[in-house]
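Trainee: Next comes the structure file my_file_34.cif, holding mmCIF, C-alpha atoms.
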data_model
#
loop_
_atom_site.label_atom_id
_atom_site.label_comp_id
_atom_site.auth_asym_id
_atom_site.auth_seq_id
_atom_site.Cartn_x
_atom_site.Cartn_y
_atom_site.Cartn_z
CA ILE A 1 -4.68 33.69 -67.85
CA ASN A 2 -2.99 35.93 -70.36
CA PRO A 3 0.58 37.23 -69.99
CA GLY A 4 0.71 39.75 -67.18
CA ASN A 5 -2.50 38.51 -65.52
CA SER A 6 -0.75 36.26 -63.02
CA GLY A 7 -1.15 37.99 -59.69
CA GLY A 8 -4.31 39.70 -60.92
CA PRO A 9 -7.70 39.47 -59.24
CA LEU A 10 -10.10 36.58 -59.81
CA LEU A 11 -13.66 37.89 -59.68
CA ASP A 12 -16.97 36.07 -59.57
CA SER A 13 -19.95 37.07 -61.76
CA ASN A 14 -20.97 39.69 -59.16
CA GLY A 15 -17.56 41.37 -59.27
CA SER A 16 -16.55 40.07 -55.83
CA LEU A 17 -12.90 39.21 -55.30
CA ILE A 18 -12.60 35.44 -54.79
CA GLY A 19 -8.90 34.83 -55.43
CA VAL A 20 -5.62 35.81 -57.05
CA ASN A 21 -4.65 34.27 -60.40
CA THR A 22 -1.39 32.35 -60.24
CA ALA A 23 -0.84 30.04 -63.22
CA ILE A 24 -2.34 28.22 -66.17
CA ALA A 25 -1.97 24.63 -67.35
CA SER A 26 -2.10 24.75 -71.12
CA PRO A 27 -1.51 21.59 -73.16
CA SER A 28 -1.09 23.63 -76.35
CA GLY A 29 1.15 26.33 -74.92
CA ALA A 30 -1.49 28.93 -75.85
CA PHE A 31 -3.31 30.98 -73.23
CA ALA A 32 -6.20 28.52 -73.02
CA GLY A 33 -6.45 25.74 -70.46
CA VAL A 34 -7.06 25.35 -66.76
CA GLY A 35 -6.30 28.40 -64.63
CA PHE A 36 -5.23 28.22 -61.00
CA ALA A 37 -5.75 30.80 -58.28
CA LEU A 38 -5.10 31.24 -54.58
CA PRO A 39 -8.41 31.40 -52.69
CA ILE A 40 -9.12 34.78 -51.12
CA ASP A 41 -9.09 33.37 -47.58
CA ALA A 42 -5.49 32.22 -48.05
CA VAL A 43 -4.55 35.54 -49.64
CA LYS A 44 -6.04 37.57 -46.75
CA GLY A 45 -3.89 35.77 -44.18
CA ILE A 46 -0.74 36.18 -46.25
CA VAL A 47 -1.39 39.87 -46.98
CA GLU A 48 -2.13 40.54 -43.30
CA GLN A 49 1.22 38.99 -42.30
CA ILE A 50 3.11 41.01 -44.94
CA VAL A 51 1.47 44.30 -43.90
CA ARG A 52 1.92 43.73 -40.15
CA PHE A 53 5.33 42.08 -40.07
CA GLY A 54 6.92 42.43 -43.52
CA GLU A 55 7.17 38.66 -43.76
CA VAL A 56 5.13 35.48 -44.05
CA THR A 57 5.71 32.67 -41.56
CA ARG A 58 4.49 29.16 -42.37
CA PRO A 59 4.69 26.01 -40.22
CA VAL A 60 6.83 23.16 -41.54
CA MET A 61 7.10 19.50 -40.63
CA GLY A 62 10.34 18.71 -42.47
CA LEU A 63 8.88 16.07 -44.78
CA VAL A 64 9.02 15.12 -48.43
CA LEU A 65 5.61 13.67 -49.34
CA ALA A 66 4.52 11.18 -51.99
CA PRO A 67 1.81 12.15 -54.48
CA ASP A 68 -1.74 11.29 -53.44
CA GLY A 69 -2.70 7.76 -54.47
CA SER A 70 0.86 6.37 -54.26
CA LEU A 71 0.15 4.29 -51.18
CA ALA A 72 -2.43 1.99 -52.78
CA GLN A 73 -0.03 1.34 -55.66
CA LEU A 74 2.87 0.48 -53.37
CA LEU A 75 0.96 -1.66 -50.87
CA GLY A 76 -1.45 -3.64 -53.02
CA PRO A 77 -4.83 -5.04 -51.95
CA GLU A 78 -3.64 -7.68 -49.43
CA VAL A 79 -1.59 -5.27 -47.35
CA LEU A 80 -4.34 -2.63 -47.55
CA ARG A 81 -6.80 -5.14 -46.05
CA ALA A 82 -4.40 -5.75 -43.15
CA TRP A 83 -4.01 -2.00 -42.66
CA GLU A 84 -7.81 -1.63 -42.65
CA ARG A 85 -8.10 -4.22 -39.85
CA ASN A 86 -5.50 -2.41 -37.73
CA ALA A 87 -6.75 1.13 -38.35
CA SER A 88 -7.95 3.00 -35.29
CA THR A 89 -8.32 6.23 -37.26
CA THR A 90 -11.52 4.99 -38.87
CA ASP A 91 -12.33 8.24 -40.68
CA VAL A 92 -9.27 7.72 -42.92
CA PRO A 93 -9.40 4.65 -45.20
CA ALA A 94 -6.40 2.28 -45.40
CA SER A 95 -5.51 3.70 -48.81
CA GLY A 96 -5.78 7.26 -47.45
CA GLY A 97 -3.33 9.43 -45.60
CA VAL A 98 -0.12 10.96 -46.89
CA LEU A 99 2.93 8.77 -47.43
CA ILE A 100 6.25 10.12 -46.20
CA LEU A 101 8.95 9.66 -48.83
CA SER A 102 11.75 11.16 -46.75
CA VAL A 103 12.36 13.06 -43.55
CA VAL A 104 14.52 16.20 -43.48
CA LYS A 105 17.53 15.54 -41.25
CA ASP A 106 17.29 17.42 -37.93
CA GLY A 107 13.85 18.79 -38.88
CA PRO A 108 10.68 18.60 -36.76
CA ALA A 109 9.58 15.21 -38.15
CA ASP A 110 13.07 13.75 -37.65
CA ALA A 111 13.08 14.91 -34.01
CA ALA A 112 9.64 13.33 -33.53
CA GLY A 113 10.78 9.97 -34.93
CA ALA A 114 8.97 9.95 -38.29
CA ARG A 115 10.20 7.42 -40.84
CA GLY A 116 10.55 7.88 -44.58
CA THR A 117 10.23 5.34 -47.38
CA THR A 118 13.39 3.35 -48.09
CA ARG A 119 14.64 0.65 -50.42
CA ASP A 120 16.22 -2.50 -49.02
CA PRO A 121 19.67 -2.66 -50.67
CA SER A 122 19.86 -6.47 -50.63
CA SER A 123 16.37 -7.31 -51.93
CA ASP A 124 15.58 -4.02 -53.70
CA ASP A 125 12.15 -4.10 -51.98
CA VAL A 126 10.50 -0.80 -51.10
CA ARG A 127 9.85 -0.30 -47.39
CA VAL A 128 6.91 2.05 -47.07
CA GLY A 129 7.49 4.95 -44.68
CA ASP A 130 5.05 6.35 -42.17
CA VAL A 131 1.67 7.48 -43.45
CA VAL A 132 0.21 10.61 -41.83
CA VAL A 133 -3.48 10.04 -41.02
CA ARG A 134 -4.13 12.77 -38.46
CA LEU A 135 -2.55 16.14 -37.64
CA GLY A 136 -3.81 17.36 -34.29
CA ASP A 137 -7.58 16.86 -34.37
CA ALA A 138 -7.82 16.89 -38.17
CA PRO A 139 -8.11 13.65 -40.16
CA VAL A 140 -5.65 13.51 -43.08
CA ARG A 141 -7.10 11.60 -46.03
CA ASP A 142 -4.88 13.29 -48.64
CA SER A 143 -2.36 16.11 -49.05
CA SER A 144 -5.12 18.75 -49.23
CA ASP A 145 -6.30 17.74 -45.74
CA LEU A 146 -2.72 17.93 -44.48
CA TYR A 147 -2.14 21.41 -45.91
CA ARG A 148 -5.47 22.67 -44.51
CA ALA A 149 -4.52 21.37 -41.06
CA LEU A 150 -1.06 22.98 -41.35
CA ASP A 151 -2.70 26.32 -42.18
CA GLU A 152 -4.20 26.29 -38.66
CA LEU A 153 -0.78 25.89 -37.00
CA ARG A 154 2.21 28.12 -36.33
CA GLY A 155 5.92 27.45 -35.97
CA GLY A 156 6.64 26.30 -32.42
CA ASP A 157 3.21 24.67 -31.96
CA ASP A 158 3.36 21.24 -30.32
CA VAL A 159 1.06 18.87 -32.20
CA GLN A 160 0.28 15.17 -32.12
CA VAL A 161 0.74 13.46 -35.49
CA ARG A 162 -0.94 10.09 -35.96
CA VAL A 163 0.83 7.79 -38.45
CA ARG A 164 0.40 4.26 -39.75
CA ARG A 165 3.66 2.33 -39.66
CA GLY A 166 5.07 -0.98 -40.84
CA ALA A 167 3.68 -3.89 -42.81
CA GLU A 168 0.64 -4.12 -40.50
CA GLY A 169 -0.14 -0.40 -40.59
CA ARG A 170 -0.14 -0.12 -36.79
CA GLU A 171 -1.03 3.40 -35.69
CA ILE A 172 1.25 5.37 -33.41
CA THR A 173 1.27 8.98 -32.27
CA LEU A 174 4.31 11.21 -32.73
CA ASP A 175 4.72 14.38 -30.69
CA MET A 176 6.02 17.06 -33.06
CA VAL A 177 7.00 20.69 -32.55
CA MET A 178 6.35 22.57 -35.80
CA GLY A 179 9.26 24.33 -37.42
CA GLU A 180 8.79 27.50 -39.42
CA LYS A 181 9.71 28.93 -42.78
CA VAL A 182 9.95 32.71 -42.99
CA THR A 183 9.70 34.62 -46.28
CA ARG A 184 10.67 38.28 -45.96
CA PHE A 185 9.48 41.11 -48.18
CA GLY A 186 10.90 44.58 -48.73
CA PRO A 187 14.35 45.85 -47.77
CA THR A 188 16.50 43.41 -45.81
#
Spit out the file's structure as structure tokens when you get a sec.
Mentor:
Amino acid sequence: INPGNSGGPLLDSNGSLIGVNTAIASPSGAFAGVGFALPIDAVKGIVEQIVRFGEVTRPVMGLVLAPDGSLAQLLGPEVLRAWERNASTTDVPASGGVLILSVVKDGPADAAGARGTTRDPSSDDVRVGDVVVRLGDAPVRDSSDLYRALDELRGGDDVQVRVRRGAEGREITLDMVMGEKVTRFGPT
């Protein structure tokens, strides 16, 4: 993606629009590397909202999430085996889901009772927060699954969020009302 091409169309070999170029990861700093683009389906929804309403509204949970793969590192194999035994969401492995690092105060997840990851001040041990394994009917194996499920929701939607909690990984369901983030375009 050369300078000025960000925001430009991404075409397939037939000339069909398949996305919008957004960024490039270049280890050398040159204009060669891995390019990233928004898929056209995501772009269509955003453009439609801008044209109709002059703004884009996205659902929010009020969470800060850990990078994918963090959970297995934090828990280790013994705890993961215990979590596997207690898992009722069988389509999400014990090492799957999305770990909650922190919960935004007074946000939707806070109101629903979600718990973030903490550190015990006396022992310095990490206490793993809730792990999201299902959002509504959608299994959440990683952050991509979570974002896809969020794309189907709107601010104000009431949704059940299944999480694994505690040293045993017991599953509980939180009832959450989605918040919303509004981005406005044009004159204010």
Trainee: Mind pulling up the distance from atom CA of Gln49 of chain A to atom CA of Phe185 of chain A?
Mentor: 10.4 Å
Trainee: Counting only C-alpha atoms, which residues sit no farther than 12 Å from the position (-5.2, 3.1, -43.4) in the file's frame? I'd like them as a VMD selection string.
Mentor: chain A and resid 71 to 72 75 77 79 to 99 130 to 134 139 to 142 162 to 171
Trainee: Kindly give the distance, in Å, that separates atom CA of Leu74 of chain A and atom CA of Gly129 of chain A, rounded to a single decimal.
Mentor: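 That distance, rounded to one decimal, is 10.8 Å.
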Trainee: With all atoms of segment 105-122 of chain A from the file as input, state the centre and edge lengths in Å to one decimal of the axis-aligned box that has 5 Å extra on each side, as lines of an AutoDock Vina configuration file.
Mentor:
center_x = 14.4
center_y = 6.2
center_z = -42.1
size_x = 20.9
size_y = 35.3
size_z = 27.1
Trainee: Enumerate, as a ChimeraX atom specification, the residues matched when the PyMOL selection byres ((chain A and resi 9) around 6) is run on the file above.
Mentor: /A:8,10,20
